[in-house]
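*Asks:* Input file: coords.pdb. Contents: PDB, C-alpha atoms and all ligand atoms.
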ATOM      1  CA  MET M   1    -110.210 173.010-190.177
ATOM      2  CA  LYS M   2    -107.669 172.114-187.509
ATOM      3  CA  GLN M   3    -110.322 172.597-184.825
ATOM      4  CA  SER M   4    -112.728 170.434-186.736
ATOM      5  CA  ILE M   5    -110.177 167.588-186.991
ATOM      6  CA  GLU M   6    -109.430 167.939-183.273
ATOM      7  CA  ARG M   7    -113.153 167.653-182.562
ATOM      8  CA  ILE M   8    -113.410 164.478-184.683
ATOM      9  CA  ILE M   9    -110.478 162.956-182.787
ATOM     10  CA  ARG M  10    -112.084 163.744-179.420
ATOM     11  CA  ASN M  11    -115.491 162.454-180.532
ATOM     12  CA  THR M  12    -114.018 159.237-181.911
ATOM     13  CA  ILE M  13    -112.232 158.594-178.608
ATOM     14  CA  ASP M  14    -115.404 159.339-176.618
ATOM     15  CA  GLN M  15    -117.519 157.017-178.754
ATOM     16  CA  SER M  16    -115.037 154.132-178.841
ATOM     17  CA  ASN M  17    -115.749 152.709-175.369
ATOM     18  CA  LEU M  18    -112.187 151.465-174.841
ATOM     19  CA  THR M  19    -110.500 150.248-171.678
ATOM     20  CA  THR M  20    -107.494 152.453-172.507
ATOM     21  CA  THR M  21    -107.757 156.065-171.385
ATOM     22  CA  TYR M  22    -106.090 159.062-173.009
ATOM     23  CA  ARG M  23    -105.001 162.547-172.074
ATOM     24  CA  THR M  24    -105.811 165.443-174.409
ATOM     25  CA  PRO M  25    -104.595 164.684-177.978
ATOM     26  CA  LEU M  26    -102.206 166.918-179.919
ATOM     27  CA  LEU M  27    -102.435 167.890-183.589
ATOM     28  CA  GLY M  28     -99.730 169.322-185.848
ATOM     29  CA  VAL M  29     -99.727 170.523-189.462
ATOM     30  CA  ALA M  30     -97.084 170.701-192.209
ATOM     31  CA  SER M  31     -97.087 171.700-195.845
ATOM     32  CA  ALA M  32     -96.876 168.658-198.137
ATOM     33  CA  SER M  33     -94.066 170.486-199.966
ATOM     34  CA  ASP M  34     -91.911 170.777-196.834
ATOM     35  CA  PRO M  35     -88.426 169.682-198.032
ATOM     36  CA  ARG M  36     -87.993 167.504-194.941
ATOM     37  CA  PHE M  37     -90.395 164.940-196.446
ATOM     38  CA  ALA M  38     -87.890 164.328-199.261
ATOM     39  CA  GLN M  39     -85.090 164.162-196.678
ATOM     40  CA  LEU M  40     -86.835 161.190-195.046
ATOM     41  CA  LYS M  41     -85.507 159.122-197.951
ATOM     42  CA  GLU M  42     -82.062 159.678-196.438
ATOM     43  CA  ILE M  43     -83.051 159.821-192.766
ATOM     44  CA  VAL M  44     -85.371 156.781-192.759
ATOM     45  CA  ASP M  45     -85.021 154.783-195.981
ATOM     46  CA  PRO M  46     -84.826 155.434-199.756
ATOM     47  CA  ALA M  47     -88.240 153.745-200.080
ATOM     48  CA  HIS M  48     -89.914 156.154-197.664
ATOM     49  CA  LEU M  49     -92.976 157.654-199.354
ATOM     50  CA  LEU M  50     -93.683 161.311-200.081
ATOM     51  CA  PRO M  51     -97.072 162.882-199.298
ATOM     52  CA  THR M  52     -97.727 162.933-203.058
ATOM     53  CA  ASP M  53     -97.205 159.159-203.175
ATOM     54  CA  LEU M  54    -100.183 158.798-200.848
ATOM     55  CA  LEU M  55    -102.220 161.509-202.581
ATOM     56  CA  PRO M  56    -100.940 163.047-205.861
ATOM     57  CA  GLU M  57    -102.600 166.422-205.122
ATOM     58  CA  ALA M  58    -101.319 166.532-201.537
ATOM     59  CA  ARG M  59    -101.045 170.021-200.061
ATOM     60  CA  SER M  60    -101.054 169.460-196.288
ATOM     61  CA  VAL M  61    -100.104 166.770-193.822
ATOM     62  CA  VAL M  62    -101.588 166.476-190.346
ATOM     63  CA  ALA M  63    -100.238 164.312-187.546
ATOM     64  CA  PHE M  64    -101.888 163.574-184.222
ATOM     65  CA  PHE M  65    -100.682 162.183-180.923
ATOM     66  CA  LEU M  66    -102.936 160.182-178.601
ATOM     67  CA  PRO M  67    -101.275 160.375-175.162
ATOM     68  CA  PHE M  68    -101.888 157.488-172.773
ATOM     69  CA  SER M  69    -102.682 158.094-169.125
ATOM     70  CA  ARG M  70     -99.785 158.471-166.706
ATOM     71  CA  ALA M  71    -101.161 155.444-164.815
ATOM     72  CA  LEU M  72    -100.708 153.174-167.839
ATOM     73  CA  GLY M  73     -97.046 154.114-168.106
ATOM     74  CA  GLU M  74     -96.558 153.385-164.416
ATOM     75  CA  ILE M  75     -98.269 149.996-164.757
ATOM     76  CA  ASN M  76     -95.885 149.052-167.569
ATOM     77  CA  ARG M  77     -92.842 150.451-165.753
ATOM     78  CA  CYS M  78     -93.579 148.465-162.572
ATOM     79  CA  HIS M  79     -94.515 145.208-164.327
ATOM     80  CA  PRO M  80     -91.738 142.586-164.257
ATOM     81  CA  TYR M  81     -92.421 141.753-167.931
ATOM     82  CA  VAL M  82     -94.644 143.859-170.209
ATOM     83  CA  ALA M  83     -98.008 144.732-168.692
ATOM     84  CA  ARG M  84    -101.056 143.186-170.311
ATOM     85  CA  GLU M  85    -102.723 146.615-170.120
ATOM     86  CA  TRP M  86     -99.911 148.000-172.271
ATOM     87  CA  ALA M  87    -100.448 145.342-174.923
ATOM     88  CA  VAL M  88    -104.198 145.990-174.862
ATOM     89  CA  ALA M  89    -103.578 149.737-175.246
ATOM     90  CA  TYR M  90    -101.480 149.071-178.330
ATOM     91  CA  VAL M  91    -104.180 146.934-179.958
ATOM     92  CA  GLU M  92    -107.035 149.274-179.004
ATOM     93  CA  THR M  93    -105.167 152.403-180.061
ATOM     94  CA  ASN M  94    -104.214 151.010-183.446
ATOM     95  CA  GLN M  95    -107.909 150.440-184.133
ATOM     96  CA  LEU M  96    -108.714 153.884-182.707
ATOM     97  CA  ILE M  97    -106.216 155.493-185.107
ATOM     98  CA  ARG M  98    -107.840 153.658-188.023
ATOM     99  CA  ASP M  99    -111.259 154.883-186.875
ATOM    100  CA  ILE M 100    -110.038 158.468-186.449
ATOM    101  CA  CYS M 101    -108.529 158.490-189.936
ATOM    102  CA  ALA M 102    -111.699 157.018-191.448
ATOM    103  CA  ASN M 103    -113.876 159.563-189.625
ATOM    104  CA  VAL M 104    -111.690 162.519-190.659
ATOM    105  CA  LYS M 105    -111.674 161.261-194.239
ATOM    106  CA  GLY M 106    -115.457 160.872-194.284
ATOM    107  CA  HIS M 107    -116.015 164.303-192.741
ATOM    108  CA  LEU M 108    -113.654 166.151-195.080
ATOM    109  CA  GLU M 109    -114.940 164.372-198.179
ATOM    110  CA  VAL M 110    -118.347 165.954-197.564
ATOM    111  CA  GLY M 111    -116.613 169.310-198.093
ATOM    112  CA  GLY M 112    -114.841 168.096-201.241
ATOM    113  CA  ILE M 113    -111.450 167.565-199.558
ATOM    114  CA  ARG M 114    -109.677 164.314-200.313
ATOM    115  CA  THR M 115    -107.453 162.538-197.797
ATOM    116  CA  ALA M 116    -105.180 159.517-197.742
ATOM    117  CA  TYR M 117    -103.444 157.724-194.905
ATOM    118  CA  GLU M 118    -101.281 154.747-194.068
ATOM    119  CA  GLN M 119    -102.060 152.117-191.446
ATOM    120  CA  PRO M 120    -100.958 152.920-187.880
ATOM    121  CA  THR M 121     -98.426 150.089-187.831
ATOM    122  CA  HIS M 122     -96.988 147.206-189.848
ATOM    123  CA  ASN M 123     -96.333 149.393-192.868
ATOM    124  CA  PHE M 124     -92.645 148.544-192.736
ATOM    125  CA  ASP M 125     -89.979 146.523-194.512
ATOM    126  CA  VAL M 126     -89.755 143.268-192.539
ATOM    127  CA  GLU M 127     -86.092 142.788-193.413
ATOM    128  CA  LYS M 128     -84.810 146.284-192.633
ATOM    129  CA  LEU M 129     -87.525 147.057-190.045
ATOM    130  CA  VAL M 130     -87.976 150.577-191.387
ATOM    131  CA  SER M 131     -91.319 152.108-192.234
ATOM    132  CA  PHE M 132     -92.533 153.180-195.690
ATOM    133  CA  TRP M 133     -94.427 155.997-193.953
ATOM    134  CA  SER M 134     -92.954 156.716-190.550
ATOM    135  CA  HIS M 135     -95.658 158.395-188.473
ATOM    136  CA  LYS M 136     -93.109 159.560-185.934
ATOM    137  CA  HIS M 137     -90.980 161.287-188.571
ATOM    138  CA  VAL M 138     -94.087 162.764-190.171
ATOM    139  CA  ALA M 139     -95.180 164.013-186.740
ATOM    140  CA  TRP M 140     -91.728 165.531-186.263
ATOM    141  CA  ILE M 141     -92.149 167.515-189.498
ATOM    142  CA  CYS M 142     -95.618 168.548-188.314
ATOM    143  CA  GLY M 143     -93.985 170.119-185.233
ATOM    144  CA  LEU M 144     -95.368 167.649-182.695
ATOM    145  CA  GLY M 145     -92.047 166.829-181.049
ATOM    146  CA  GLN M 146     -88.358 166.001-181.225
ATOM    147  CA  PHE M 147     -86.601 162.654-181.034
ATOM    148  CA  GLY M 148     -85.204 161.437-177.735
ATOM    149  CA  LEU M 149     -82.260 159.186-177.035
ATOM    150  CA  HIS M 150     -84.745 156.286-177.216
ATOM    151  CA  HIS M 151     -85.509 157.084-180.902
ATOM    152  CA  MET M 152     -89.118 157.912-180.099
ATOM    153  CA  LEU M 153     -90.793 161.250-180.582
ATOM    154  CA  ILE M 154     -91.194 163.291-177.400
ATOM    155  CA  THR M 155     -94.089 165.733-177.616
ATOM    156  CA  ARG M 156     -95.011 168.434-175.138
ATOM    157  CA  ARG M 157     -97.235 165.785-173.538
ATOM    158  CA  GLY M 158     -94.370 163.260-173.511
ATOM    159  CA  CYS M 159     -93.711 160.117-175.524
ATOM    160  CA  LEU M 160     -96.279 157.842-173.849
ATOM    161  CA  GLY M 161     -98.876 157.334-176.560
ATOM    162  CA  ARG M 162     -99.314 156.642-180.251
ATOM    163  CA  LEU M 163     -99.200 158.661-183.453
ATOM    164  CA  GLY M 164    -101.266 158.797-186.625
ATOM    165  CA  SER M 165    -101.178 160.993-189.715
ATOM    166  CA  LEU M 166    -103.136 161.942-192.828
ATOM    167  CA  VAL M 167    -102.422 163.678-196.126
ATOM    168  CA  LEU M 168    -104.967 166.232-197.471
ATOM    169  CA  ASP M 169    -105.412 167.940-200.829
ATOM    170  CA  ALA M 170    -106.275 171.248-199.109
ATOM    171  CA  THR M 171    -104.244 173.880-197.344
ATOM    172  CA  ILE M 172    -105.366 174.199-193.762
ATOM    173  CA  GLU M 173    -103.680 176.373-191.173
ATOM    174  CA  GLU M 174    -100.126 177.681-191.163
ATOM    175  CA  PRO M 175     -97.568 174.898-190.640
ATOM    176  CA  ASP M 176     -96.557 174.358-187.028
ATOM    177  CA  ALA M 177     -93.081 175.477-185.923
ATOM    178  CA  PRO M 178     -90.564 172.810-184.856
ATOM    179  CA  ALA M 179     -90.986 171.648-181.267
ATOM    180  CA  PRO M 180     -88.236 172.325-178.713
ATOM    181  CA  GLU M 181     -85.936 169.585-177.412
ATOM    182  CA  PHE M 182     -87.558 167.639-174.578
ATOM    183  CA  CYS M 183     -85.003 164.822-174.104
ATOM    184  CA  LEU M 184     -82.842 165.611-171.090
ATOM    185  CA  ILE M 185     -79.725 164.242-172.775
ATOM    186  CA  ARG M 186     -80.378 166.389-175.855
ATOM    187  CA  GLN M 187     -80.621 169.360-173.473
ATOM    188  CA  GLY M 188     -77.152 168.559-172.131
ATOM    189  CA  LYS M 189     -78.481 167.175-168.835
ATOM    190  CA  SER M 190     -78.100 163.689-167.386
ATOM    191  CA  CYS M 191     -80.675 160.890-167.706
ATOM    192  CA  ARG M 192     -80.316 157.713-169.845
ATOM    193  CA  HIS M 193     -83.303 156.180-168.052
ATOM    194  CA  CYS M 194     -84.444 154.688-171.356
ATOM    195  CA  VAL M 195     -81.125 152.896-171.914
ATOM    196  CA  ARG M 196     -81.087 151.526-168.369
ATOM    197  CA  SER M 197     -84.702 150.333-168.732
ATOM    198  CA  CYS M 198     -84.152 148.349-171.915
ATOM    199  CA  PRO M 199     -84.236 144.664-170.917
ATOM    200  CA  THR M 200     -82.507 143.385-174.066
ATOM    201  CA  GLY M 201     -79.630 145.801-174.550
ATOM    202  CA  ALA M 202     -81.125 146.789-177.907
ATOM    203  CA  LEU M 203     -81.041 150.457-176.907
ATOM    204  CA  THR M 204     -77.674 151.984-176.094
ATOM    205  CA  VAL M 205     -76.345 155.529-176.142
ATOM    206  CA  SER M 206     -74.820 154.692-179.528
ATOM    207  CA  GLY M 207     -78.052 153.647-181.194
ATOM    208  CA  LEU M 208     -80.908 151.162-181.471
ATOM    209  CA  ASP M 209     -80.405 147.572-182.599
ATOM    210  CA  ARG M 210     -83.721 147.203-184.441
ATOM    211  CA  GLN M 211     -83.437 143.446-184.910
ATOM    212  CA  ARG M 212     -82.787 142.800-181.224
ATOM    213  CA  CYS M 213     -85.647 145.092-180.223
ATOM    214  CA  TYR M 214     -88.027 143.457-182.693
ATOM    215  CA  GLU M 215     -87.181 139.988-181.359
ATOM    216  CA  ARG M 216     -88.412 141.187-177.976
ATOM    217  CA  LEU M 217     -91.584 142.640-179.528
ATOM    218  CA  LEU M 218     -92.353 139.352-181.253
ATOM    219  CA  GLU M 219     -91.793 137.486-177.997
ATOM    220  CA  VAL M 220     -94.343 139.760-176.285
ATOM    221  CA  ASN M 221     -96.716 139.194-179.176
ATOM    222  CA  ASP M 222     -96.442 135.440-178.621
ATOM    223  CA  HIS M 223     -96.974 135.903-174.880
ATOM    224  CA  TYR M 224    -100.153 137.987-175.270
ATOM    225  CA  GLY M 225    -101.239 136.568-178.633
ATOM    226  CA  ALA M 226    -104.878 136.175-177.590
ATOM    227  CA  ILE M 227    -105.240 139.980-177.377
ATOM    228  CA  GLY M 228    -104.417 140.502-181.045
ATOM    229  CA  LEU M 229    -101.315 141.719-182.822
ATOM    230  CA  CYS M 230     -99.325 143.232-179.946
ATOM    231  CA  ASP M 231     -95.622 143.397-180.797
ATOM    232  CA  VAL M 232     -94.856 145.921-178.062
ATOM    233  CA  CYS M 233     -92.548 146.481-175.118
ATOM    234  CA  GLY M 234     -92.246 150.180-174.283
ATOM    235  CA  LYS M 235     -89.994 149.827-171.234
ATOM    236  CA  CYS M 236     -87.844 152.591-172.732
ATOM    237  CA  ALA M 237     -90.907 154.896-172.725
ATOM    238  CA  THR M 238     -91.345 154.930-168.950
ATOM    239  CA  GLY M 239     -88.764 157.544-167.956
ATOM    240  CA  PRO M 240     -88.993 161.274-167.220
ATOM    241  CA  CYS M 241     -90.050 162.032-170.812
ATOM    242  CA  ALA M 242     -93.017 159.607-170.703
ATOM    243  CA  VAL M 243     -95.525 162.214-169.460
ATOM    244  CA  MET M 244     -94.663 165.903-169.532
ATOM    245  CA  ASP M 245     -97.959 167.580-168.654
TER     246      ASP M 245
HETATM  247  S1  LIG J   1     -85.522 158.628-170.812
HETATM  248 FE1  LIG J   1     -84.155 160.405-170.559
HETATM  249  S2  LIG J   1     -82.449 160.094-172.019
HETATM  250 FE2  LIG J   1     -84.115 158.675-172.590
HETATM  251  S3  LIG J   1     -85.264 159.812-174.163
HETATM  252 FE3  LIG J   1     -86.257 160.231-172.198
HETATM  253  S4  LIG J   1     -85.311 162.130-171.419
HETATM  254 FE4  LIG J   1     -84.009 161.331-173.087
HETATM  255  S1  LIG J   2     -89.034 148.617-176.994
HETATM  256 FE1  LIG J   2     -88.137 147.359-175.336
HETATM  257  S2  LIG J   2     -86.518 146.132-176.311
HETATM  258 FE2  LIG J   2     -87.036 147.807-177.726
HETATM  259  S3  LIG J   2     -85.573 149.434-177.244
HETATM  260 FE3  LIG J   2     -87.412 149.860-176.012
HETATM  261  S4  LIG J   2     -87.054 148.833-174.055
HETATM  262 FE4  LIG J   2     -85.559 148.002-175.530
END
Let me see the structure of the file written as C-alpha cells.
Ligand code: SF4
Ligand code: SF4

*Replies:*
Amino acid sequence: MKQSIERIIRNTIDQSNLTTTYRTPLLGVASASDPRFAQLKEIVDPAHLLPTDLLPEARSVVAFFLPFSRALGEINRCHPYVAREWAVAYVETNQLIRDICANVKGHLEVGGIRTAYEQPTHNFDVEKLVSFWSHKHVAWICGLGQFGLHHMLITRRGCLGRLGSLVLDATIEEPDAPAPEFCLIRQGKSCRHCVRSCPTGALTVSGLDRQRCYERLLEVNDHYGAIGLCDVCGKCATGPCAVMD
C-alpha cells in the first residue's frame, strides 16, 4: 500500500502543472497506537489531536514530505526580502497537499479503507500559535526526520519543502524507524546558520519566539497578498540542512 500511496503522490504532482518543482517525495508510516501521539499533548499542546480524533478506527498514520528544488531555496536565500517564488511555492504546495490527500482518500476508499486528514496549514490556535494537528510532529513519529535548531523537521532530503499526513483505518507496512539526527548542532558540530539568517531575531539558540516570527509571516502575507494566503518567510530554512541529497 505504501508504494501505491507513493505512486498517487507522484501522479498528483505530475498532473498539477505547477510552477514549483519538487525533488522525489518521501513517505513514512507509524502505528496509530504509537505512544508518541499521546505525548504530543505535552510536547505541542494539550489540545493536540490523536489519530483516533480524526478517525475513530485509526490504525495507521502516513506522513509525506514534498521537497522543493535546491534552486528555490537558493532564490529565497539570496533575495533581500522573501522571494516571490517562495511565496508562490507555499500557496501551490498547500493546494497540492490537499489534492494528494483527496486523491489518496478516493483511491483507498475504493478498497474499503477509510482515511481522514487535516488541512496542510492554518489548523492552529491563533492565540498560542500551536497546531491542533502538527504535521511536522506527526512526520517525526512516522520516521521522516528529526527536529533541527530551527524547530523544523530535517528529513534525509533536508528541510526545504512541505509536509502532509493522513490517518487510515488499515494497517499498512511496518512502522518506520526513527530518523537519525541531521542538524549539525544536534550532532555536536558547529553551524547556527538558521539563527544568523533570521531577520527578526525570533529564532535564537534558546528557542523560537512564535509571536515575533508570525508577525513577520503576516507582513510577508500583506506584501504578496495577491498570490493568496502566503504567511511565509523560510530564511531559516536556507542553511546546510535545506537540501541533503
Ligand atoms: S541551519 Fe545548521 S544549526 Fe540550523 S537547523 Fe540547520 S543544521 Fe541545524
Ligand atoms: S520563518 Fe523567518 S522570522 Fe520565522 S524563525 Fe524563520 S527566519 Fe525567523

*Asks:* Please write the residues picked by the PyMOL selection byres (((chain M and resi 90) around 9) and not hetatm) on this file as an MDAnalysis selection string.

*Replies:* chainID M and resid 85:89 91:95 161:162 229:232

*Asks:* Give me a file of those residues, with C-alpha atoms, as a tab-separated table (two decimals), in the coordinates of the input.

*Replies:*
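Below is the file that was written, out_18.tsv:
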chain	number	residue	atom	x	y	z
M	85	GLU	CA	-102.72	146.62	-170.12
M	86	TRP	CA	-99.91	148.00	-172.27
M	87	ALA	CA	-100.45	145.34	-174.92
M	88	VAL	CA	-104.20	145.99	-174.86
M	89	ALA	CA	-103.58	149.74	-175.25
M	91	VAL	CA	-104.18	146.93	-179.96
M	92	GLU	CA	-107.04	149.27	-179.00
M	93	THR	CA	-105.17	152.40	-180.06
M	94	ASN	CA	-104.21	151.01	-183.45
M	95	GLN	CA	-107.91	150.44	-184.13
M	161	GLY	CA	-98.88	157.33	-176.56
M	162	ARG	CA	-99.31	156.64	-180.25
M	229	LEU	CA	-101.32	141.72	-182.82
M	230	CYS	CA	-99.32	143.23	-179.95
M	231	ASP	CA	-95.62	143.40	-180.80
M	232	VAL	CA	-94.86	145.92	-178.06

*Asks:* Identify, on the basis of all atoms listed in the file, every residue whose closest approach to M:Cys241 does not exceed 10 Å; exclude the query and any residue fewer than 2 positions from it along the same chain; express the result as a ChimeraX atom specification.

*Replies:* /M:148,153-160,182-184,191,193-194,236-239,243-245

*Asks:* Take the point (-104.8, 161.5, -198.4) in the file's coordinates, draw a sphere of radius 8 Å around it, and report as a ChimeraX atom specification every protein, DNA or RNA residue with an atom inside or on it, counting all atoms listed in the file.

*Replies:* /M:51,54-55,58,114-117,166-169

*Asks:* Identify all residues satisfying the PyMOL selection byres (((not hetatm)) within 10 of (chain J and resi 2)) in the given file; provide them as a ChimeraX atom specification.

*Replies:* /M:82,150-152,194-204,207-217,220,231-238

*Asks:* Emit as lines of an AutoDock Vina configuration file the padded axis-aligned box for all listed atoms of stretch 218-236 of chain M, 4 Å per side, with centre and edge lengths in Å to one decimal.

*Replies:*
center_x = -96.5
center_y = 144.0
center_z = -177.0
size_x = 25.4
size_y = 25.2
size_z = 19.6

*Asks:* Restricting the calculation to all atoms listed in the file, which member of M:Leu149, M:Gln187, M:Lys41, M:Arg10 is positioned closest to M:Phe132?

*Replies:*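 Once distances to M:Phe132 are computed over all atoms listed in the file, the minimum belongs to M:Lys41.
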